[in-house]
Structure formats: structure tokens, C-alpha cells
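**Student:** Here it is, the structure in full.
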Amino acid sequence: MKKIKAILFDLDGTLRLTTPSGGKVFVEYLQTHNITFSQEQILFAERWEHFYFANSPQITQDAQTFKDDSKGFWVNYSKRRLMALKLSESHAHELAPHVSNHMSEAYKPQVIVPEEIPSVLTSLRESGYTLGVVSNRETSFQNELDEMNLTNYFDFLLAAGEVGAFKPDARVFHHALQISKTQADETVYIGDNYFADIVGSNNAGLMPVLYDPTGLFPEAPDCHIIQSFNQLNDLLK
């Protein structure tokens, strides 16, 4: 491995966490209606959610179908997630409007930054790494980084919508490499979504690191896995 020169981060689920998770609130609502799930079902649905939002064919189709109907999109998403929890299609169809309405009204998550991030980013900057954020957002997200007091740590921010290619499409990573002025094998990419972040950065030739604090993908292939950003130093030695 060449000496690493740049370290790039995902935004949502990596630098920017929300608590409680949407999946937790989703399942808890169903439990209040005496619908329970095994841990295996819950984990399967959480992994499915990661796959869905990794620019999957499903979300591409749904975004087109419901492009002028945000409420319809989220009702349909709720149906898909209920089916990922192994409910029948008919049961999921019946419950989806109620679950979607509850999530719209009751889900008000708090945004948090992993507590070790400021000290880790300070150390990385002092060590001379180029630092960037590459997100699947449609548009600029600098305002959110400003609110999190993280903007000044980074040399550049890149929204995939600005490139017209969304992770796991390798083109967004190639564009990031042009900005960082580094080669792929000199660059680390860290993200929480295996299907978007790891598959995409791996295909683009970067060194992929999965941030997986809850152990959602304990056997993820072809990448390093960290549960805390404090583990980065060992990877960079």
C-alpha cells in the first residue's frame, strides 16, 4: 500500500449521526400494536435500508414514480420496510399509511457528532492529510457542517448531485480524487453504508473503511472495519 495522503469521509451515518435511529422508532411503533420481530428480522431490515438508500434500483424507481408526491414516497417506503421485516405484502400495505404518518409526526431525531471526531480530525490535519467529505446529497451540505462545527477541518466538500453520479457509482469517487489531487491507492474512504460507501470506493480503487459502531455488517468483505474513529491511527501506520 502506498503512503496514504488523503482521507475522505461520508456524511450521514458517519460524521453526522441521528438519535434515536429511524429504524428503532419504526419498530417500537409496531411493538405498541403487538407486532413483534426477532433480532434477525430487525437486522435484515436495517441492512435492507442501507441497500435501498445506496442509490438502489428500488429507490431510483420510487423516486421517479413519486417524484411529485413526497407523502406517497414515504408510504411506499414504509411498505417496503415492513416487507423487509418479513410481513406479508397485504399486511404491509394495510399498515404502511399508519406507520408513515407516525414517523412523520413523531420522529424528531437529534443530530450528534461522534465524540471523538474533533480530536481525530485535528490529529489528521496536523499530520498533513488532505481531508474531504463526499456525500450522496443532491446539493451542498456546508450549512450542516457549519452547524456541527466541522467545516474548518476539511479541505473540500463534495455532494454527489453536483457530479450527477451517486455512490456506489465510481465516478463520484474519481471526481473526489481530482479535487484531492491524490491517486486512488493513496486515498482512504470512510463510510457507514456497505453498499454505497464500501462497494463504491472499492470499485474506484480507494482503501475502503467501514464505520460500523453497532456491528450491522460484522463480516463485511473487502474492507477494514472500525467501530470508533480512534481506531484510524492503527490503520494508517
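Labels used: A, B, ... for chains in the order of the C-alpha cells, numbers from 1 for residues in each chain, and numbers from 1 for ligands as shown.
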Check range 20-151 of chain A with DSSP on the backbone and list each residue it calls strand (DSSP E), as a tab-separated table (two decimals) with N, CA, C and O atoms, in the first residue's frame.

**Tutor:**
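Written out: selection.tsv:
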chain	number	residue	atom	x	y	z
A	110	GLN	N	-32.35	13.76	17.08
A	110	GLN	CA	-31.31	14.73	17.43
A	110	GLN	C	-30.06	14.42	16.61
A	110	GLN	O	-29.67	13.26	16.48
A	111	VAL	N	-29.45	15.45	16.06
A	111	VAL	CA	-28.19	15.27	15.32
A	111	VAL	C	-27.03	15.31	16.29
A	111	VAL	O	-26.92	16.21	17.12
A	112	ILE	N	-26.15	14.32	16.20
A	112	ILE	CA	-24.96	14.28	17.04
A	112	ILE	C	-23.74	13.97	16.18
A	112	ILE	O	-23.84	13.42	15.09
A	130	THR	N	-4.81	15.36	3.44
A	130	THR	CA	-5.91	16.08	2.80
A	130	THR	C	-7.20	15.44	3.28
A	130	THR	O	-7.35	14.22	3.22
A	131	LEU	N	-8.14	16.27	3.74
A	131	LEU	CA	-9.39	15.74	4.27
A	131	LEU	C	-10.57	16.28	3.45
A	131	LEU	O	-10.61	17.45	3.09
A	132	GLY	N	-11.52	15.40	3.17
A	132	GLY	CA	-12.71	15.80	2.41
A	132	GLY	C	-13.93	15.04	2.86
A	132	GLY	O	-13.83	14.01	3.54
A	133	VAL	N	-15.08	15.56	2.49
A	133	VAL	CA	-16.35	14.89	2.74
A	133	VAL	C	-17.04	14.66	1.41
A	133	VAL	O	-17.20	15.60	0.62
A	134	VAL	N	-17.43	13.42	1.14
A	134	VAL	CA	-18.12	13.06	-0.10
A	134	VAL	C	-19.44	12.40	0.28
A	134	VAL	O	-19.45	11.32	0.87
A	135	SER	N	-20.53	13.06	-0.05
A	135	SER	CA	-21.85	12.62	0.37
A	135	SER	C	-22.77	12.38	-0.82
A	135	SER	O	-22.59	12.99	-1.88

**Student:** Write out as a list in words which residues come within 8 Å of His50 in chain A when counting only C-alpha atoms, dropping same-chain ones fewer than 4 positions away.

**Tutor:**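 In the requested format, the answer is Glu46, Ala54, Asn193, Tyr194 and Phe195 of chain A.
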
**Student:** CA of Ile190 in chain A to CA of Leu210 in chain A: how many Å, to one decimal?

**Tutor:**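 Spanning CA of Ile190 in chain A to CA of Leu210 in chain A is a straight-line distance of 5.9 Å.
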
**Student:** Distance CA of Glu49 in chain A-CA of Thr214 in chain A, one decimal place?

**Tutor:** 14.8 Å

**Student:** As an NGL selection string, please: the residues near Ala159 in chain A (cut-off 6 Å, only C-alpha atoms, same-chain neighbours under 4 positions excluded).

**Tutor:** :A and (135-137 or 139-140)

**Student:** Mind dumping a table of every range 15-115 of chain A residue within 10 Å of range 223-235 of chain A, with the nearest atom pair and its distance in Å to one decimal, using only C-alpha atoms, sorted by chain and rising number, as a Markdown table?

**Tutor:**
| residue | atom | partner | partner_atom | distance |
| --- | --- | --- | --- | --- |
| A:Leu15 | CA | A:Phe229 | CA | 9.9 |
| A:Pro114 | CA | A:Phe229 | CA | 8.3 |
| A:Glu115 | CA | A:Phe229 | CA | 9.4 |

**Student:** Which residues come within 12 Å of Asp169 in chain A, counting only C-alpha atoms, excluding same-chain residues fewer than 3 positions away, as a list in words?

**Tutor:**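 My list of contacting residues is Ala54, Asn55, Ser56, Asn136, Ala160, Gly161, Val163, Gly164, Ala165, Phe166, Val172, Phe173, His174, His175, Phe195, Ala196, Asp197, Ile198, Val199, Gly200, Ser201, Asn202, Asn203 and Ala204 of chain A.
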
**Student:** Could you tell me, as JSON, numbers by chain, which residues of range 9-230 of chain A DSSP assigns to alpha helix (DSSP H) when given the backbone?

**Tutor:** {"A": [22, 23, 24, 25, 26, 27, 28, 29, 30, 31, 39, 40, 41, 42, 43, 44, 45, 46, 47, 48, 49, 50, 51, 52, 57, 58, 59, 60, 61, 62, 63, 64, 65, 70, 71, 72, 73, 74, 75, 76, 77, 78, 79, 80, 81, 82, 83, 84, 89, 90, 91, 92, 93, 94, 95, 96, 97, 98, 99, 100, 101, 102, 103, 104, 105, 106, 117, 118, 119, 120, 121, 122, 123, 124, 125, 126, 142, 143, 144, 145, 146, 147, 160, 161, 162, 163, 170, 171, 172, 173, 174, 175, 176, 177, 178, 179, 180, 199, 200, 201, 202, 203]}

**Student:** Residues within 10 Å of range 18-24 of chain A, please, as a list in words. Count only C-alpha atoms; anything in the same chain fewer than 5 positions from it doesn't count.

**Tutor:**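 Once the nearby chain positions are removed, what remains is Asp12, Gly13, Tyr29, Ile42, Leu43, Ala45, Glu46, Glu49, Arg81, Met103, Tyr107, Lys108, Pro109, Gln110, Val111, Ile112 and Val113 of chain A.
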
**Student:** Please identify all polymer residues within 12 Å of His102 in chain A, counting only C-alpha atoms, omitting same-chain residues fewer than 4 positions from it, and present them as number ranges by chain.

**Tutor:** A: 22, 25-30, 32, 74-75, 78, 95-98, 106-108

**Student:** In terms of the shortest atom-to-atom distance over only C-alpha atoms, which of A:Phe9, A:Tyr129, A:Phe37, A:Tyr153 is closest to Thr182 in chain A?

**Tutor:**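 Among the listed residues, A:Tyr129 lies closest to Thr182 in chain A.
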
**Student:** Show which residues sit within 12 Å of Gln183 in chain A, as a PDB file with all heavy atoms, in the first residue's frame. Count only C-alpha atoms, and ignore same-chain residues fewer than 6 positions away.

**Tutor:**
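Now in result07.pdb:
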ATOM      1  N   MET A   1       0.842  -1.197   0.000  1.00  0.00           N
ATOM      2  CA  MET A   1       0.000   0.000   0.000  1.00  0.00           C
ATOM      3  C   MET A   1       0.871   1.239   0.000  1.00  0.00           C
ATOM      4  O   MET A   1       1.822   1.336   0.759  1.00  0.00           O
ATOM      5  CB  MET A   1      -0.905   0.000   1.241  1.00  0.00           C
ATOM      6  CG  MET A   1      -1.897   1.152   1.293  1.00  0.00           C
ATOM      7  SD  MET A   1      -2.981   1.063   2.733  1.00  0.00           S
ATOM      8  CE  MET A   1      -1.798   1.443   4.045  1.00  0.00           C
ATOM      9  N   LYS A   2       0.539   2.192  -0.883  1.00  0.00           N
ATOM     10  CA  LYS A   2       1.264   3.451  -0.892  1.00  0.00           C
ATOM     11  C   LYS A   2       0.980   4.232   0.385  1.00  0.00           C
ATOM     12  O   LYS A   2       0.011   3.991   1.083  1.00  0.00           O
ATOM     13  CB  LYS A   2       0.823   4.290  -2.095  1.00  0.00           C
ATOM     14  CG  LYS A   2       1.350   3.814  -3.437  1.00  0.00           C
ATOM     15  CD  LYS A   2       0.984   4.825  -4.511  1.00  0.00           C
ATOM     16  CE  LYS A   2       1.521   4.406  -5.865  1.00  0.00           C
ATOM     17  NZ  LYS A   2       1.175   5.386  -6.922  1.00  0.00           N
ATOM     18  N   LYS A   3       1.834   5.189   0.662  1.00  0.00           N
ATOM     19  CA  LYS A   3       1.590   6.066   1.792  1.00  0.00           C
ATOM     20  C   LYS A   3       0.296   6.827   1.560  1.00  0.00           C
ATOM     21  O   LYS A   3       0.087   7.426   0.512  1.00  0.00           O
ATOM     22  CB  LYS A   3       2.745   7.043   1.958  1.00  0.00           C
ATOM     23  CG  LYS A   3       2.549   8.051   3.096  1.00  0.00           C
ATOM     24  CD  LYS A   3       3.749   8.950   3.221  1.00  0.00           C
ATOM     25  CE  LYS A   3       3.500  10.057   4.230  1.00  0.00           C
ATOM     26  NZ  LYS A   3       3.145   9.554   5.569  1.00  0.00           N
ATOM     27  N   ILE A   4      -0.588   6.799   2.564  1.00  0.00           N
ATOM     28  CA  ILE A   4      -1.872   7.478   2.450  1.00  0.00           C
ATOM     29  C   ILE A   4      -1.672   8.987   2.526  1.00  0.00           C
ATOM     30  O   ILE A   4      -0.987   9.493   3.414  1.00  0.00           O
ATOM     31  CB  ILE A   4      -2.839   7.012   3.558  1.00  0.00           C
ATOM     32  CG1 ILE A   4      -3.140   5.518   3.396  1.00  0.00           C
ATOM     33  CG2 ILE A   4      -4.130   7.821   3.532  1.00  0.00           C
ATOM     34  CD1 ILE A   4      -3.782   5.146   2.077  1.00  0.00           C
ATOM     35  N   LYS A   5      -2.310   9.705   1.588  1.00  0.00           N
ATOM     36  CA  LYS A   5      -2.189  11.164   1.539  1.00  0.00           C
ATOM     37  C   LYS A   5      -3.515  11.877   1.795  1.00  0.00           C
ATOM     38  O   LYS A   5      -3.518  13.042   2.192  1.00  0.00           O
ATOM     39  CB  LYS A   5      -1.646  11.598   0.171  1.00  0.00           C
ATOM     40  CG  LYS A   5      -0.231  11.107  -0.112  1.00  0.00           C
ATOM     41  CD  LYS A   5       0.238  11.601  -1.476  1.00  0.00           C
ATOM     42  CE  LYS A   5       1.662  11.116  -1.767  1.00  0.00           C
ATOM     43  NZ  LYS A   5       2.119  11.558  -3.121  1.00  0.00           N
ATOM     44  N   ALA A   6      -4.634  11.187   1.528  1.00  0.00           N
ATOM     45  CA  ALA A   6      -5.947  11.820   1.700  1.00  0.00           C
ATOM     46  C   ALA A   6      -6.903  10.867   2.411  1.00  0.00           C
ATOM     47  O   ALA A   6      -6.865   9.655   2.189  1.00  0.00           O
ATOM     48  CB  ALA A   6      -6.530  12.230   0.351  1.00  0.00           C
ATOM     49  N   ILE A   7      -7.765  11.444   3.248  1.00  0.00           N
ATOM     50  CA  ILE A   7      -8.786  10.670   3.949  1.00  0.00           C
ATOM     51  C   ILE A   7     -10.115  11.365   3.718  1.00  0.00           C
ATOM     52  O   ILE A   7     -10.299  12.532   4.085  1.00  0.00           O
ATOM     53  CB  ILE A   7      -8.485  10.563   5.453  1.00  0.00           C
ATOM     54  CG1 ILE A   7      -7.100   9.935   5.650  1.00  0.00           C
ATOM     55  CG2 ILE A   7      -9.556   9.730   6.161  1.00  0.00           C
ATOM     56  CD1 ILE A   7      -6.636   9.908   7.086  1.00  0.00           C
ATOM     57  N   PHE A 173     -16.333   9.114  -6.833  1.00  0.00           N
ATOM     58  CA  PHE A 173     -15.040   8.951  -6.164  1.00  0.00           C
ATOM     59  C   PHE A 173     -13.903   9.454  -7.060  1.00  0.00           C
ATOM     60  O   PHE A 173     -12.951  10.074  -6.567  1.00  0.00           O
ATOM     61  CB  PHE A 173     -14.818   7.478  -5.794  1.00  0.00           C
ATOM     62  CG  PHE A 173     -15.812   6.950  -4.803  1.00  0.00           C
ATOM     63  CD1 PHE A 173     -16.893   6.194  -5.197  1.00  0.00           C
ATOM     64  CD2 PHE A 173     -15.672   7.232  -3.445  1.00  0.00           C
ATOM     65  CE1 PHE A 173     -17.812   5.707  -4.284  1.00  0.00           C
ATOM     66  CE2 PHE A 173     -16.581   6.766  -2.519  1.00  0.00           C
ATOM     67  CZ  PHE A 173     -17.658   6.002  -2.939  1.00  0.00           C
ATOM     68  N   HIS A 174     -13.999   9.203  -8.350  1.00  0.00           N
ATOM     69  CA  HIS A 174     -12.974   9.716  -9.273  1.00  0.00           C
ATOM     70  C   HIS A 174     -12.941  11.240  -9.251  1.00  0.00           C
ATOM     71  O   HIS A 174     -11.858  11.847  -9.293  1.00  0.00           O
ATOM     72  CB  HIS A 174     -13.254   9.214 -10.694  1.00  0.00           C
ATOM     73  CG  HIS A 174     -13.093   7.739 -10.853  1.00  0.00           C
ATOM     74  ND1 HIS A 174     -13.732   7.007 -11.836  1.00  0.00           N
ATOM     75  CD2 HIS A 174     -12.364   6.838 -10.141  1.00  0.00           C
ATOM     76  CE1 HIS A 174     -13.404   5.740 -11.730  1.00  0.00           C
ATOM     77  NE2 HIS A 174     -12.573   5.605 -10.724  1.00  0.00           N
ATOM     78  N   HIS A 175     -14.107  11.856  -9.166  1.00  0.00           N
ATOM     79  CA  HIS A 175     -14.160  13.317  -9.096  1.00  0.00           C
ATOM     80  C   HIS A 175     -13.516  13.810  -7.806  1.00  0.00           C
ATOM     81  O   HIS A 175     -12.780  14.810  -7.812  1.00  0.00           O
ATOM     82  CB  HIS A 175     -15.615  13.784  -9.173  1.00  0.00           C
ATOM     83  CG  HIS A 175     -15.771  15.237  -9.439  1.00  0.00           C
ATOM     84  ND1 HIS A 175     -15.734  15.783 -10.706  1.00  0.00           N
ATOM     85  CD2 HIS A 175     -15.933  16.280  -8.592  1.00  0.00           C
ATOM     86  CE1 HIS A 175     -15.882  17.094 -10.630  1.00  0.00           C
ATOM     87  NE2 HIS A 175     -16.009  17.435  -9.360  1.00  0.00           N
ATOM     88  N   ALA A 176     -13.769  13.102  -6.712  1.00  0.00           N
ATOM     89  CA  ALA A 176     -13.161  13.481  -5.431  1.00  0.00           C
ATOM     90  C   ALA A 176     -11.639  13.372  -5.496  1.00  0.00           C
ATOM     91  O   ALA A 176     -10.920  14.204  -4.921  1.00  0.00           O
ATOM     92  CB  ALA A 176     -13.705  12.598  -4.312  1.00  0.00           C
ATOM     93  N   LEU A 177     -11.139  12.369  -6.203  1.00  0.00           N
ATOM     94  CA  LEU A 177      -9.689  12.214  -6.343  1.00  0.00           C
ATOM     95  C   LEU A 177      -9.087  13.377  -7.130  1.00  0.00           C
ATOM     96  O   LEU A 177      -7.979  13.827  -6.827  1.00  0.00           O
ATOM     97  CB  LEU A 177      -9.365  10.888  -7.028  1.00  0.00           C
ATOM     98  CG  LEU A 177      -9.677   9.620  -6.235  1.00  0.00           C
ATOM     99  CD1 LEU A 177      -9.443   8.383  -7.099  1.00  0.00           C
ATOM    100  CD2 LEU A 177      -8.819   9.540  -4.970  1.00  0.00           C
ATOM    101  N   ALA A 204     -13.648   1.949  -7.106  1.00  0.00           N
ATOM    102  CA  ALA A 204     -12.859   3.067  -7.611  1.00  0.00           C
ATOM    103  C   ALA A 204     -11.387   2.948  -7.233  1.00  0.00           C
ATOM    104  O   ALA A 204     -10.584   3.798  -7.627  1.00  0.00           O
ATOM    105  CB  ALA A 204     -13.427   4.388  -7.086  1.00  0.00           C
ATOM    106  N   GLY A 205     -11.034   1.921  -6.466  1.00  0.00           N
ATOM    107  CA  GLY A 205      -9.640   1.670  -6.134  1.00  0.00           C
ATOM    108  C   GLY A 205      -9.141   2.313  -4.865  1.00  0.00           C
ATOM    109  O   GLY A 205      -7.954   2.236  -4.547  1.00  0.00           O
ATOM    110  N   LEU A 206     -10.048   2.983  -4.119  1.00  0.00           N
ATOM    111  CA  LEU A 206      -9.643   3.597  -2.852  1.00  0.00           C
ATOM    112  C   LEU A 206      -9.530   2.522  -1.770  1.00  0.00           C
ATOM    113  O   LEU A 206      -9.983   1.389  -1.955  1.00  0.00           O
ATOM    114  CB  LEU A 206     -10.656   4.661  -2.410  1.00  0.00           C
ATOM    115  CG  LEU A 206     -10.632   6.010  -3.139  1.00  0.00           C
ATOM    116  CD1 LEU A 206     -11.157   5.889  -4.564  1.00  0.00           C
ATOM    117  CD2 LEU A 206     -11.476   7.034  -2.376  1.00  0.00           C
ATOM    118  N   MET A 207      -8.959   2.889  -0.644  1.00  0.00           N
ATOM    119  CA  MET A 207      -8.907   1.997   0.505  1.00  0.00           C
ATOM    120  C   MET A 207     -10.187   2.198   1.310  1.00  0.00           C
ATOM    121  O   MET A 207     -10.382   3.244   1.933  1.00  0.00           O
ATOM    122  CB  MET A 207      -7.687   2.312   1.379  1.00  0.00           C
ATOM    123  CG  MET A 207      -7.636   1.519   2.668  1.00  0.00           C
ATOM    124  SD  MET A 207      -6.168   1.974   3.654  1.00  0.00           S
ATOM    125  CE  MET A 207      -6.572   1.167   5.226  1.00  0.00           C
TER     126      MET A 207
END

**Student:** Please determine, counting only C-alpha atoms, which residue among A:Gln61, A:Thr187, A:Val99, A:Leu216 has the shortest atom-to-atom distance to Phe44 in chain A.

**Tutor:**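 Among A:Gln61, A:Thr187, A:Val99, A:Leu216, it is A:Leu216 that comes nearest to Phe44 in chain A.
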
**Student:** I need the residue nearest Ile117 in chain A from this list: A:Val209, A:Leu87, A:Leu17, A:Leu82. Use only C-alpha atoms for the distance.

**Tutor:**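 Using only C-alpha atoms, the shortest distance to Ile117 in chain A belongs to A:Leu17.
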
**Student:** To one decimal place, how far is CA of Asp155 in chain A from CA of Leu8 in chain A in Å?

**Tutor:** 9.9 Å
